[in-house]
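Participant: So that you have it, the file is my_file.tsv, and it contains TSV, C-alpha atoms and all ligand atoms:
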```tsv
chain	number	residue	atom	x	y	z
A	48	MET	CA	-283.64	25.23	-77.22
A	49	ASN	CA	-286.13	24.31	-79.95
A	50	THR	CA	-283.92	22.86	-82.70
A	51	LEU	CA	-286.98	22.52	-84.93
A	52	TYR	CA	-287.54	26.27	-85.17
A	53	GLN	CA	-287.50	27.33	-88.85
A	54	HIS	CA	-286.85	23.70	-89.82
A	55	HIS	CA	-288.08	22.30	-93.16
A	56	CYS	CA	-289.85	18.94	-93.26
A	57	LEU	CA	-289.42	17.42	-96.70
A	58	ARG	CA	-288.92	13.89	-95.40
A	59	LEU	CA	-288.58	12.31	-91.97
A	60	MET	CA	-284.82	11.86	-92.31
A	61	ASP	CA	-284.66	15.68	-92.05
A	62	PHE	CA	-285.13	15.09	-88.31
A	63	THR	CA	-282.98	13.47	-85.66
A	64	PRO	CA	-284.61	10.63	-83.70
A	65	ASN	CA	-285.07	12.98	-80.75
A	66	GLU	CA	-286.63	15.73	-82.85
A	67	LEU	CA	-289.16	13.26	-84.26
A	68	LYS	CA	-289.98	11.96	-80.78
A	69	ASN	CA	-290.41	15.54	-79.56
A	70	ILE	CA	-292.93	16.27	-82.34
A	71	ILE	CA	-294.94	13.19	-81.30
A	72	PHE	CA	-294.72	14.15	-77.61
A	73	LEU	CA	-295.92	17.71	-78.32
A	74	ALA	CA	-298.78	16.35	-80.46
A	75	GLN	CA	-299.95	14.27	-77.49
A	76	LYS	CA	-300.00	17.41	-75.35
A	77	LEU	CA	-301.77	19.51	-77.97
A	78	LYS	CA	-304.40	16.78	-78.42
A	79	ILE	CA	-305.16	16.71	-74.69
A	80	ASP	CA	-305.21	20.51	-74.42
A	81	LYS	CA	-307.63	20.84	-77.34
A	82	LYS	CA	-309.95	18.22	-75.85
A	83	ASN	CA	-309.83	20.02	-72.48
A	84	ASN	CA	-310.39	23.36	-74.21
A	85	ILE	CA	-307.18	24.85	-72.74
A	86	GLU	CA	-305.09	25.06	-75.91
A	87	LYS	CA	-302.73	28.06	-76.01
A	88	GLN	CA	-302.23	29.90	-79.29
A	89	LEU	CA	-298.59	30.37	-80.25
A	90	LEU	CA	-299.07	31.17	-83.94
A	91	LYS	CA	-301.09	34.39	-83.81
A	92	LYS	CA	-300.47	36.65	-86.84
A	93	LYS	CA	-298.63	33.88	-88.71
A	94	ASN	CA	-299.63	33.29	-92.35
A	95	ILE	CA	-299.36	29.93	-94.03
A	96	ALA	CA	-299.53	29.08	-97.75
A	97	LEU	CA	-301.05	25.71	-98.63
A	98	ILE	CA	-300.13	24.65	-102.17
A	99	PHE	CA	-302.06	21.60	-103.34
A	100	ASP	CA	-301.25	20.28	-106.81
A	101	LYS	CA	-303.08	17.05	-105.92
A	102	GLU	CA	-306.42	16.56	-104.17
A	103	SER	CA	-306.65	16.02	-100.40
A	104	THR	CA	-309.15	15.68	-97.57
A	105	ARG	CA	-307.15	14.91	-94.40
A	106	THR	CA	-303.94	16.81	-95.10
A	107	ARG	CA	-305.58	20.03	-96.26
A	108	CYS	CA	-308.15	20.05	-93.46
A	109	SER	CA	-305.55	19.19	-90.83
A	110	PHE	CA	-303.26	22.05	-91.90
A	111	GLU	CA	-306.21	24.46	-91.97
A	112	VAL	CA	-307.73	23.46	-88.62
A	113	ALA	CA	-304.31	23.24	-86.95
A	114	ALA	CA	-303.50	26.75	-88.14
A	115	PHE	CA	-306.89	28.18	-87.07
A	116	ASP	CA	-306.66	26.49	-83.64
A	117	GLN	CA	-303.27	28.14	-83.15
A	118	GLY	CA	-304.41	31.58	-84.36
A	119	ALA	CA	-302.70	31.51	-87.78
A	120	ASN	CA	-304.23	32.33	-91.19
A	121	VAL	CA	-304.02	30.16	-94.29
A	122	THR	CA	-304.30	30.66	-98.05
A	123	TYR	CA	-305.34	27.56	-100.01
A	124	LEU	CA	-303.75	27.42	-103.45
A	125	GLY	CA	-305.39	24.54	-105.32
A	126	PRO	CA	-304.36	22.67	-108.47
A	127	ASN	CA	-303.66	25.07	-111.36
A	128	SER	CA	-304.44	28.15	-109.26
A	129	THR	CA	-300.93	29.64	-109.22
A	130	HIS	CA	-298.34	30.26	-111.93
A	131	LEU	CA	-296.02	27.70	-110.31
A	132	GLY	CA	-294.13	25.89	-113.01
A	133	THR	CA	-296.31	27.22	-115.86
A	134	LYS	CA	-295.73	30.97	-116.16
A	135	GLU	CA	-293.37	31.37	-113.20
A	136	SER	CA	-290.43	29.25	-112.15
A	137	ILE	CA	-290.49	27.27	-108.91
A	138	GLU	CA	-287.54	29.40	-107.75
A	139	ASP	CA	-289.34	32.73	-108.30
A	140	THR	CA	-292.60	31.47	-106.78
A	141	ALA	CA	-290.75	30.24	-103.69
A	142	GLN	CA	-288.99	33.59	-103.27
A	143	VAL	CA	-292.25	35.51	-103.54
A	144	LEU	CA	-294.29	33.27	-101.24
A	145	SER	CA	-291.60	33.23	-98.59
A	146	ARG	CA	-291.73	37.05	-98.42
A	147	LEU	CA	-295.49	36.95	-97.84
A	148	TYR	CA	-295.87	33.87	-95.65
A	149	ASP	CA	-294.28	32.42	-92.52
A	150	GLY	CA	-294.45	28.84	-93.82
A	151	ILE	CA	-295.31	26.92	-97.00
A	152	GLN	CA	-296.99	23.53	-97.31
A	153	TYR	CA	-296.61	21.72	-100.63
A	154	ARG	CA	-298.48	18.65	-101.91
A	155	GLY	CA	-297.77	17.61	-105.45
A	156	HIS	CA	-296.10	15.40	-107.96
A	157	SER	CA	-292.31	15.31	-108.17
A	158	HIS	CA	-290.34	15.48	-104.92
A	159	HIS	CA	-287.86	17.60	-106.86
A	160	ILE	CA	-290.40	20.47	-106.83
A	161	ILE	CA	-290.53	20.68	-103.04
A	162	GLU	CA	-286.74	20.42	-102.87
A	163	THR	CA	-286.53	23.44	-105.16
A	164	ILE	CA	-289.15	25.36	-103.15
A	165	SER	CA	-287.21	24.72	-99.94
A	166	LYS	CA	-283.93	25.74	-101.57
A	167	TYR	CA	-285.28	29.20	-102.38
A	168	SER	CA	-287.65	29.68	-99.45
A	169	LYS	CA	-286.63	31.75	-96.43
A	170	VAL	CA	-289.40	30.16	-94.36
A	171	PRO	CA	-290.11	26.53	-93.35
A	172	VAL	CA	-291.48	24.24	-96.06
A	173	TRP	CA	-293.55	21.17	-95.14
A	174	ASN	CA	-294.22	18.20	-97.39
A	175	GLY	CA	-297.92	17.31	-97.50
A	176	LEU	CA	-297.15	14.40	-99.91
A	177	THR	CA	-295.03	14.00	-103.00
A	178	ASP	CA	-294.44	11.03	-105.29
A	179	GLN	CA	-291.62	9.93	-102.96
A	180	PHE	CA	-292.56	10.78	-99.38
A	181	HIS	CA	-295.52	11.43	-97.07
A	182	PRO	CA	-293.82	12.41	-93.78
A	183	THR	CA	-296.76	14.06	-91.99
A	184	GLN	CA	-298.82	10.88	-92.40
A	185	LEU	CA	-296.15	8.81	-90.68
A	186	ILE	CA	-295.84	11.23	-87.76
A	187	SER	CA	-299.56	10.72	-87.19
A	188	ASP	CA	-299.20	6.95	-87.51
A	189	LEU	CA	-296.40	6.86	-84.94
A	190	LEU	CA	-298.63	8.77	-82.52
A	191	THR	CA	-301.49	6.31	-83.18
A	192	ILE	CA	-299.20	3.32	-82.62
A	193	LYS	CA	-297.93	4.87	-79.38
A	194	GLU	CA	-301.49	5.50	-78.17
A	195	ILE	CA	-302.44	1.87	-78.78
A	196	MET	CA	-299.28	0.49	-77.10
A	197	PRO	CA	-298.34	3.20	-74.57
A	198	ASN	CA	-296.20	0.93	-72.42
A	199	LYS	CA	-294.03	-0.41	-75.19
A	200	LEU	CA	-290.93	1.12	-76.73
A	201	PHE	CA	-291.09	1.44	-80.52
A	202	SER	CA	-288.30	-1.16	-80.64
A	203	GLU	CA	-290.67	-3.64	-78.96
A	204	ILE	CA	-293.37	-3.14	-81.61
A	205	THR	CA	-293.61	-4.99	-84.95
A	206	CYS	CA	-295.39	-3.50	-87.98
A	207	ALA	CA	-295.99	-5.24	-91.29
A	208	TYR	CA	-296.50	-2.78	-94.15
A	209	VAL	CA	-298.23	-4.78	-96.89
A	210	GLY	CA	-298.80	-3.82	-100.54
A	211	ASP	CA	-297.06	-1.17	-102.62
A	212	ALA	CA	-293.85	-0.71	-100.64
A	213	HIS	CA	-292.14	1.51	-103.21
A	214	ASN	CA	-294.62	4.38	-103.01
A	215	ASN	CA	-294.50	7.53	-100.85
A	216	MET	CA	-295.95	5.62	-97.86
A	217	GLY	CA	-293.50	2.72	-98.10
A	218	ASN	CA	-290.56	5.14	-98.29
A	219	SER	CA	-291.76	7.22	-95.36
A	220	PHE	CA	-292.50	4.11	-93.30
A	221	LEU	CA	-288.88	3.06	-93.83
A	222	GLU	CA	-287.65	6.44	-92.58
A	223	ALA	CA	-290.02	6.43	-89.61
A	224	ALA	CA	-288.92	2.93	-88.57
A	225	ALA	CA	-285.27	3.92	-88.95
A	226	LEU	CA	-285.58	6.93	-86.67
A	227	VAL	CA	-287.71	5.49	-83.86
A	228	GLY	CA	-286.33	1.95	-84.10
A	229	LEU	CA	-289.49	0.04	-85.05
A	230	ASN	CA	-289.40	-3.56	-86.23
A	231	LEU	CA	-290.71	-3.07	-89.74
A	232	ARG	CA	-291.40	-5.72	-92.33
A	233	LEU	CA	-292.18	-4.52	-95.84
A	234	VAL	CA	-294.30	-7.29	-97.30
A	235	ALA	CA	-294.52	-6.93	-101.07
A	236	PRO	CA	-293.53	-8.53	-104.37
A	237	ARG	CA	-289.93	-7.69	-105.26
A	238	GLU	CA	-291.10	-5.34	-108.04
A	239	CYS	CA	-292.69	-3.17	-105.32
A	240	TRP	CA	-289.73	-3.02	-102.94
A	241	PRO	CA	-288.27	0.41	-102.20
A	242	ASP	CA	-285.08	1.82	-103.65
A	243	LYS	CA	-282.11	-0.26	-102.46
A	244	ASN	CA	-280.00	2.69	-101.28
A	245	LEU	CA	-282.85	4.14	-99.23
A	246	PHE	CA	-283.50	0.70	-97.75
A	247	ILE	CA	-279.85	0.20	-96.73
A	248	THR	CA	-279.57	3.70	-95.22
A	249	CYS	CA	-282.75	3.15	-93.20
A	250	GLN	CA	-281.76	-0.34	-92.13
A	251	GLU	CA	-278.45	0.98	-90.78
A	252	GLU	CA	-280.16	3.85	-88.95
A	253	ALA	CA	-282.81	1.48	-87.53
A	254	LYS	CA	-280.10	-0.76	-86.06
A	255	LYS	CA	-278.58	2.24	-84.24
A	256	ASN	CA	-282.02	2.85	-82.69
A	257	ASN	CA	-282.61	-0.82	-81.72
A	258	GLY	CA	-284.99	-1.44	-84.60
A	259	ASN	CA	-284.90	-3.79	-87.54
A	260	ILE	CA	-286.21	-3.57	-91.09
A	261	ILE	CA	-286.70	-6.37	-93.60
A	262	CYS	CA	-288.30	-6.74	-97.01
A	263	THR	CA	-290.03	-10.02	-97.79
A	264	GLU	CA	-292.27	-11.42	-100.51
A	265	ASN	CA	-293.49	-14.09	-98.08
A	266	ILE	CA	-296.79	-12.99	-96.53
A	267	GLU	CA	-296.76	-15.48	-93.66
A	268	LYS	CA	-293.20	-14.57	-92.66
A	269	GLY	CA	-294.08	-10.87	-92.96
A	270	VAL	CA	-297.19	-10.80	-90.81
A	271	LYS	CA	-296.45	-13.56	-88.27
A	272	ASN	CA	-296.68	-12.23	-84.71
A	273	ALA	CA	-296.92	-8.64	-85.93
A	274	ASP	CA	-298.69	-6.09	-83.71
A	275	PHE	CA	-299.92	-4.03	-86.67
A	276	ILE	CA	-300.64	-4.58	-90.35
A	277	TYR	CA	-300.61	-1.37	-92.40
A	278	THR	CA	-301.72	-0.98	-95.98
A	279	ASP	CA	-302.26	1.75	-98.58
A	280	VAL	CA	-303.86	1.95	-102.04
A	281	TRP	CA	-302.15	-0.06	-104.77
A	282	VAL	CA	-302.13	2.82	-107.27
A	283	SER	CA	-301.21	6.27	-105.97
A	284	MET	CA	-302.37	9.71	-107.06
A	285	GLY	CA	-300.55	10.83	-110.18
A	286	GLU	CA	-299.83	7.31	-111.46
A	287	LYS	CA	-301.09	6.41	-114.93
A	288	GLU	CA	-304.46	4.64	-115.29
A	289	THR	CA	-302.68	2.00	-117.36
A	290	ILE	CA	-300.70	0.83	-114.31
A	291	TRP	CA	-303.81	-0.76	-112.68
A	292	ASP	CA	-303.58	-4.05	-114.61
A	293	LYS	CA	-299.98	-4.72	-113.68
A	294	ARG	CA	-300.30	-3.52	-110.07
A	295	ILE	CA	-303.37	-5.67	-109.42
A	296	GLN	CA	-301.66	-8.68	-110.90
A	297	LEU	CA	-298.68	-8.09	-108.58
A	298	LEU	CA	-300.58	-7.22	-105.42
A	299	ARG	CA	-303.76	-9.30	-105.57
A	300	LYS	CA	-302.47	-11.82	-103.06
A	301	TYR	CA	-301.27	-9.05	-100.70
A	302	GLN	CA	-304.83	-7.96	-99.91
A	303	VAL	CA	-305.42	-7.45	-96.17
A	304	ASN	CA	-308.18	-9.98	-95.50
A	305	ALA	CA	-309.26	-12.56	-92.93
A	306	SER	CA	-306.84	-15.20	-94.13
A	307	MET	CA	-303.90	-12.79	-93.84
A	308	LEU	CA	-304.98	-11.98	-90.30
A	309	ASP	CA	-305.07	-15.70	-89.50
A	310	MET	CA	-301.46	-15.94	-90.68
A	311	SER	CA	-300.47	-13.28	-88.14
A	312	ASN	CA	-301.17	-15.70	-85.31
A	313	ASN	CA	-302.21	-12.65	-83.27
A	314	THR	CA	-305.91	-12.41	-82.47
A	315	HIS	CA	-305.38	-8.84	-81.16
A	316	ILE	CA	-303.65	-7.58	-84.32
A	317	LYS	CA	-304.55	-4.00	-85.27
A	318	ILE	CA	-304.99	-2.76	-88.83
A	319	LEU	CA	-303.91	0.70	-89.99
A	320	HIS	CA	-304.59	2.54	-93.25
A	321	CYS	CA	-303.61	6.10	-94.19
A	322	LEU	CA	-306.85	6.55	-96.20
A	323	PRO	CA	-308.50	7.01	-98.62
A	324	ALA	CA	-309.18	3.24	-98.84
A	325	LEU	CA	-310.79	1.15	-101.56
A	326	HIS	CA	-312.70	-1.05	-99.12
A	327	ASP	CA	-316.17	-0.84	-100.70
A	328	GLN	CA	-317.97	0.25	-103.86
A	329	GLU	CA	-319.29	3.53	-102.46
A	330	THR	CA	-316.98	5.64	-104.65
A	331	LYS	CA	-316.60	6.21	-108.40
A	332	ILE	CA	-313.21	4.45	-108.44
A	333	GLY	CA	-314.58	1.75	-106.17
A	334	GLN	CA	-317.43	1.12	-108.61
A	335	SER	CA	-315.35	1.07	-111.78
A	336	ILE	CA	-312.11	-0.58	-110.67
A	337	LEU	CA	-313.46	-3.02	-108.12
A	338	LYS	CA	-316.13	-4.25	-110.54
A	339	LYS	CA	-313.77	-4.38	-113.50
A	340	TYR	CA	-311.25	-6.56	-111.68
A	341	GLY	CA	-313.77	-8.64	-109.77
A	342	PHE	CA	-313.08	-7.44	-106.24
A	343	GLU	CA	-316.43	-8.01	-104.55
A	344	ASN	CA	-315.39	-6.95	-101.09
A	345	GLY	CA	-312.69	-4.24	-101.32
A	346	MET	CA	-309.29	-4.06	-102.95
A	347	GLU	CA	-306.21	-3.54	-100.73
A	348	ILE	CA	-308.35	-4.28	-97.66
A	349	THR	CA	-311.63	-6.15	-97.39
A	350	ASN	CA	-314.66	-4.30	-96.09
A	351	ASP	CA	-315.13	-6.58	-93.06
A	352	ILE	CA	-311.56	-6.01	-91.84
A	353	PHE	CA	-311.81	-2.28	-92.51
A	354	LYS	CA	-315.08	-1.98	-90.59
A	355	LYS	CA	-313.74	-3.98	-87.66
A	356	ASN	CA	-310.77	-1.61	-87.36
A	357	LYS	CA	-312.51	1.62	-88.28
A	358	ASN	CA	-312.14	3.24	-84.88
A	359	ILE	CA	-308.36	2.92	-85.04
A	360	ILE	CA	-308.22	3.97	-88.69
A	361	PHE	CA	-310.32	7.09	-88.05
A	362	GLU	CA	-308.24	7.90	-84.95
A	363	GLN	CA	-305.21	7.79	-87.27
A	364	ALA	CA	-307.01	10.33	-89.48
A	365	GLU	CA	-307.80	12.58	-86.50
A	366	ASN	CA	-304.19	12.38	-85.38
A	367	ARG	CA	-303.18	14.09	-88.62
A	368	LEU	CA	-304.54	17.28	-87.06
A	369	HIS	CA	-302.67	17.02	-83.77
A	370	THR	CA	-299.37	15.99	-85.35
A	371	ILE	CA	-299.49	18.60	-88.12
A	372	LYS	CA	-300.25	21.18	-85.45
A	373	SER	CA	-297.23	20.00	-83.49
A	374	LEU	CA	-295.08	20.37	-86.61
A	375	LEU	CA	-296.39	23.90	-87.24
A	376	VAL	CA	-295.86	25.00	-83.65
A	377	SER	CA	-292.38	23.45	-83.50
A	378	SER	CA	-291.19	25.09	-86.68
A	379	LEU	CA	-292.89	28.49	-86.36
A	380	SER	CA	-292.73	29.29	-82.64
A	381	GLN	CA	-289.55	30.20	-80.84
A	382	LYS	CA	-291.48	29.86	-77.61
A	383	ILE	CA	-291.85	26.29	-76.35
A	384	TYR	CA	-295.46	25.10	-75.92
A	385	LEU	CA	-295.79	24.22	-72.21
A	401	LIG	N1	-303.90	10.32	-95.89
A	401	LIG	C1	-303.95	11.45	-96.60
A	401	LIG	O1	-302.94	12.10	-96.86
A	401	LIG	O2	-305.19	11.81	-96.95
A	401	LIG	P1	-305.58	13.00	-97.96
A	401	LIG	O3	-305.13	12.58	-99.33
A	401	LIG	O4	-307.06	13.11	-97.83
A	401	LIG	O5	-304.87	14.25	-97.51
A	402	LIG	N1	-299.90	6.45	-101.72
A	402	LIG	C1	-301.09	7.26	-101.65
A	402	LIG	C2	-301.18	7.94	-100.33
A	402	LIG	C3	-302.44	8.73	-100.12
A	402	LIG	C4	-302.49	9.41	-98.79
A	402	LIG	C5	-301.08	8.28	-102.78
A	402	LIG	O1	-300.05	8.92	-103.01
A	402	LIG	O2	-302.11	8.44	-103.44
```
Kindly present the structure from the file in structure tokens form.
Ligand code: CP
Ligand code: NVA

Facilitator:
Amino acid sequence: MNTLYQHHCLRLMDFTPNELKNIIFLAQKLKIDKKNNIEKQLLKKKNIALIFDKESTRTRCSFEVAAFDQGANVTYLGPNSTHLGTKESIEDTAQVLSRLYDGIQYRGHSHHIIETISKYSKVPVWNGLTDQFHPTQLISDLLTIKEIMPNKLFSEITCAYVGDAHNNMGNSFLEAAALVGLNLRLVAPRECWPDKNLFITCQEEAKKNNGNIICTENIEKGVKNADFIYTDVWVSMGEKETIWDKRIQLLRKYQVNASMLDMSNNTHIKILHCLPALHDQETKIGQSILKKYGFENGMEITNDIFKKNKNIIFEQAENRLHTIKSLLVSSLSQKIYL
């Protein structure tokens, strides 16, 4: 039986450890089948609404391509293109969309909005990023980690997540580690540690799954003998411009650079990033912020380290497609993909 059928995905803790592992396993199969051109379509005639109240490259394109590959149709509803929350309540919008569509993706600001959509939706709702969680990114990252270390159990793998550990990525990393039993070290100044209750819940769940989670301000302790260092931007979408000063002051020394890699004591360490990354000055933000604060060579990650790990980082981005497809197939198809 497919327990994920008609299942919402607002955060990873909506799944059991086995359900999450099954989504990763199915993604591996779908990836191979697509590459061998033998993918079977299980979502013909399904219609999917994609609500984006924030910008996106990977998440939007992955939902669209995943749906098309599986025979489903999508409607993209960009920022300010629906009445949601302005002229029509979240409750009414959710009721209407769930009569027209078989599933709803939401990316936006407050996590409370997607909770309300899911409360009134009769069809599965998937979180494509809110201020609190980014579950589909972490499913992709778990697949990438598994591909790099296929012979190791998650409980034998150590990841250091460095930087802003109280954002959507930090929170979802906690939940991912809890469910699959990773050894996770959140390496950040105390001001950027996640909510205490979420941390304790995840730590307890991780222990049940042979994992371990710690928070530390100490960079050397955090990255020593790690298999992976993961980082994300220091200021997330939707945060106020005025936060840059304080965040940079707090996180400057948590930049992923050559000296941090030396501290890991692991010459084979792999670097992950969910992207987009401020690793050079080839963007508007890169030009203004990096120059303003005197970052010559990237902000949360230096350009040399980014470039050296780009194959892994872009594989992570590609895996968004395969894992989002797995999520769509699992929640919209009663038939198991064999
Ligand atoms: N990583 C990620 O979610 O990328 P987008 O913002 O481009 O969707
Ligand atoms: N923390 C980042 C993640 C981007 C994928 C943000 O919310 O902007």

Participant: Which residues are close to Leu200 of chain A, i.e. within 12 Å by all atoms listed in the file, leaving aside same-chain residues fewer than 3 positions away? Reply as a count of residues only.

Facilitator: 18

Participant: If we count only C-alpha atoms, what is near Phe115 of chain A at a cut-off of 12 Å, once residues fewer than 5 positions away on the same chain are taken out, given as a list in words?

Facilitator: Glu86, Lys87, Gln88, Leu89, Leu90, Lys91, Lys92, Lys93, Asn94, Ile95, Cys108, Ser109, Phe110, Asn120, Val121, Thr122, Leu368, Lys372, Leu375 and Val376 of chain A

Participant: Write the selection just made, keeping C-alpha atoms, as a PDB file, in the frame of the given file?

Facilitator:
```
ATOM      1  CA  GLU A  86    -305.090  25.060 -75.910  1.00  0.00           C
ATOM      2  CA  LYS A  87    -302.730  28.060 -76.010  1.00  0.00           C
ATOM      3  CA  GLN A  88    -302.230  29.900 -79.290  1.00  0.00           C
ATOM      4  CA  LEU A  89    -298.590  30.370 -80.250  1.00  0.00           C
ATOM      5  CA  LEU A  90    -299.070  31.170 -83.940  1.00  0.00           C
ATOM      6  CA  LYS A  91    -301.090  34.390 -83.810  1.00  0.00           C
ATOM      7  CA  LYS A  92    -300.470  36.650 -86.840  1.00  0.00           C
ATOM      8  CA  LYS A  93    -298.630  33.880 -88.710  1.00  0.00           C
ATOM      9  CA  ASN A  94    -299.630  33.290 -92.350  1.00  0.00           C
ATOM     10  CA  ILE A  95    -299.360  29.930 -94.030  1.00  0.00           C
ATOM     11  CA  CYS A 108    -308.150  20.050 -93.460  1.00  0.00           C
ATOM     12  CA  SER A 109    -305.550  19.190 -90.830  1.00  0.00           C
ATOM     13  CA  PHE A 110    -303.260  22.050 -91.900  1.00  0.00           C
ATOM     14  CA  ASN A 120    -304.230  32.330 -91.190  1.00  0.00           C
ATOM     15  CA  VAL A 121    -304.020  30.160 -94.290  1.00  0.00           C
ATOM     16  CA  THR A 122    -304.300  30.660 -98.050  1.00  0.00           C
ATOM     17  CA  LEU A 368    -304.540  17.280 -87.060  1.00  0.00           C
ATOM     18  CA  LYS A 372    -300.250  21.180 -85.450  1.00  0.00           C
ATOM     19  CA  LEU A 375    -296.390  23.900 -87.240  1.00  0.00           C
ATOM     20  CA  VAL A 376    -295.860  25.000 -83.650  1.00  0.00           C
TER      21      VAL A 376
END
```

Participant: Which chains and residue numbers are within 8 Å of ligand LIG 402 (chain A), counting only C-alpha atoms and all ligand atoms, if I want them as a VMD selection string?

Facilitator: chain A and resid 103 176 to 178 181 184 214 to 216 279 to 285 321 to 323

Participant: My list of candidates is A:Phe180, A:Trp291, A:Tyr340, A:Tyr167. Which is closest to Ser219 of chain A when distances are computed with all atoms listed in the file?

Facilitator: A:Phe180

Participant: Which residue is closest to Arg154 of chain A? Choose from A:Gln179, A:Thr63, A:Gln117, A:Gln334 and count all atoms listed in the file.

Facilitator: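 Checking each candidate against Arg154 of chain A, we get A:Gln179 as the closest.
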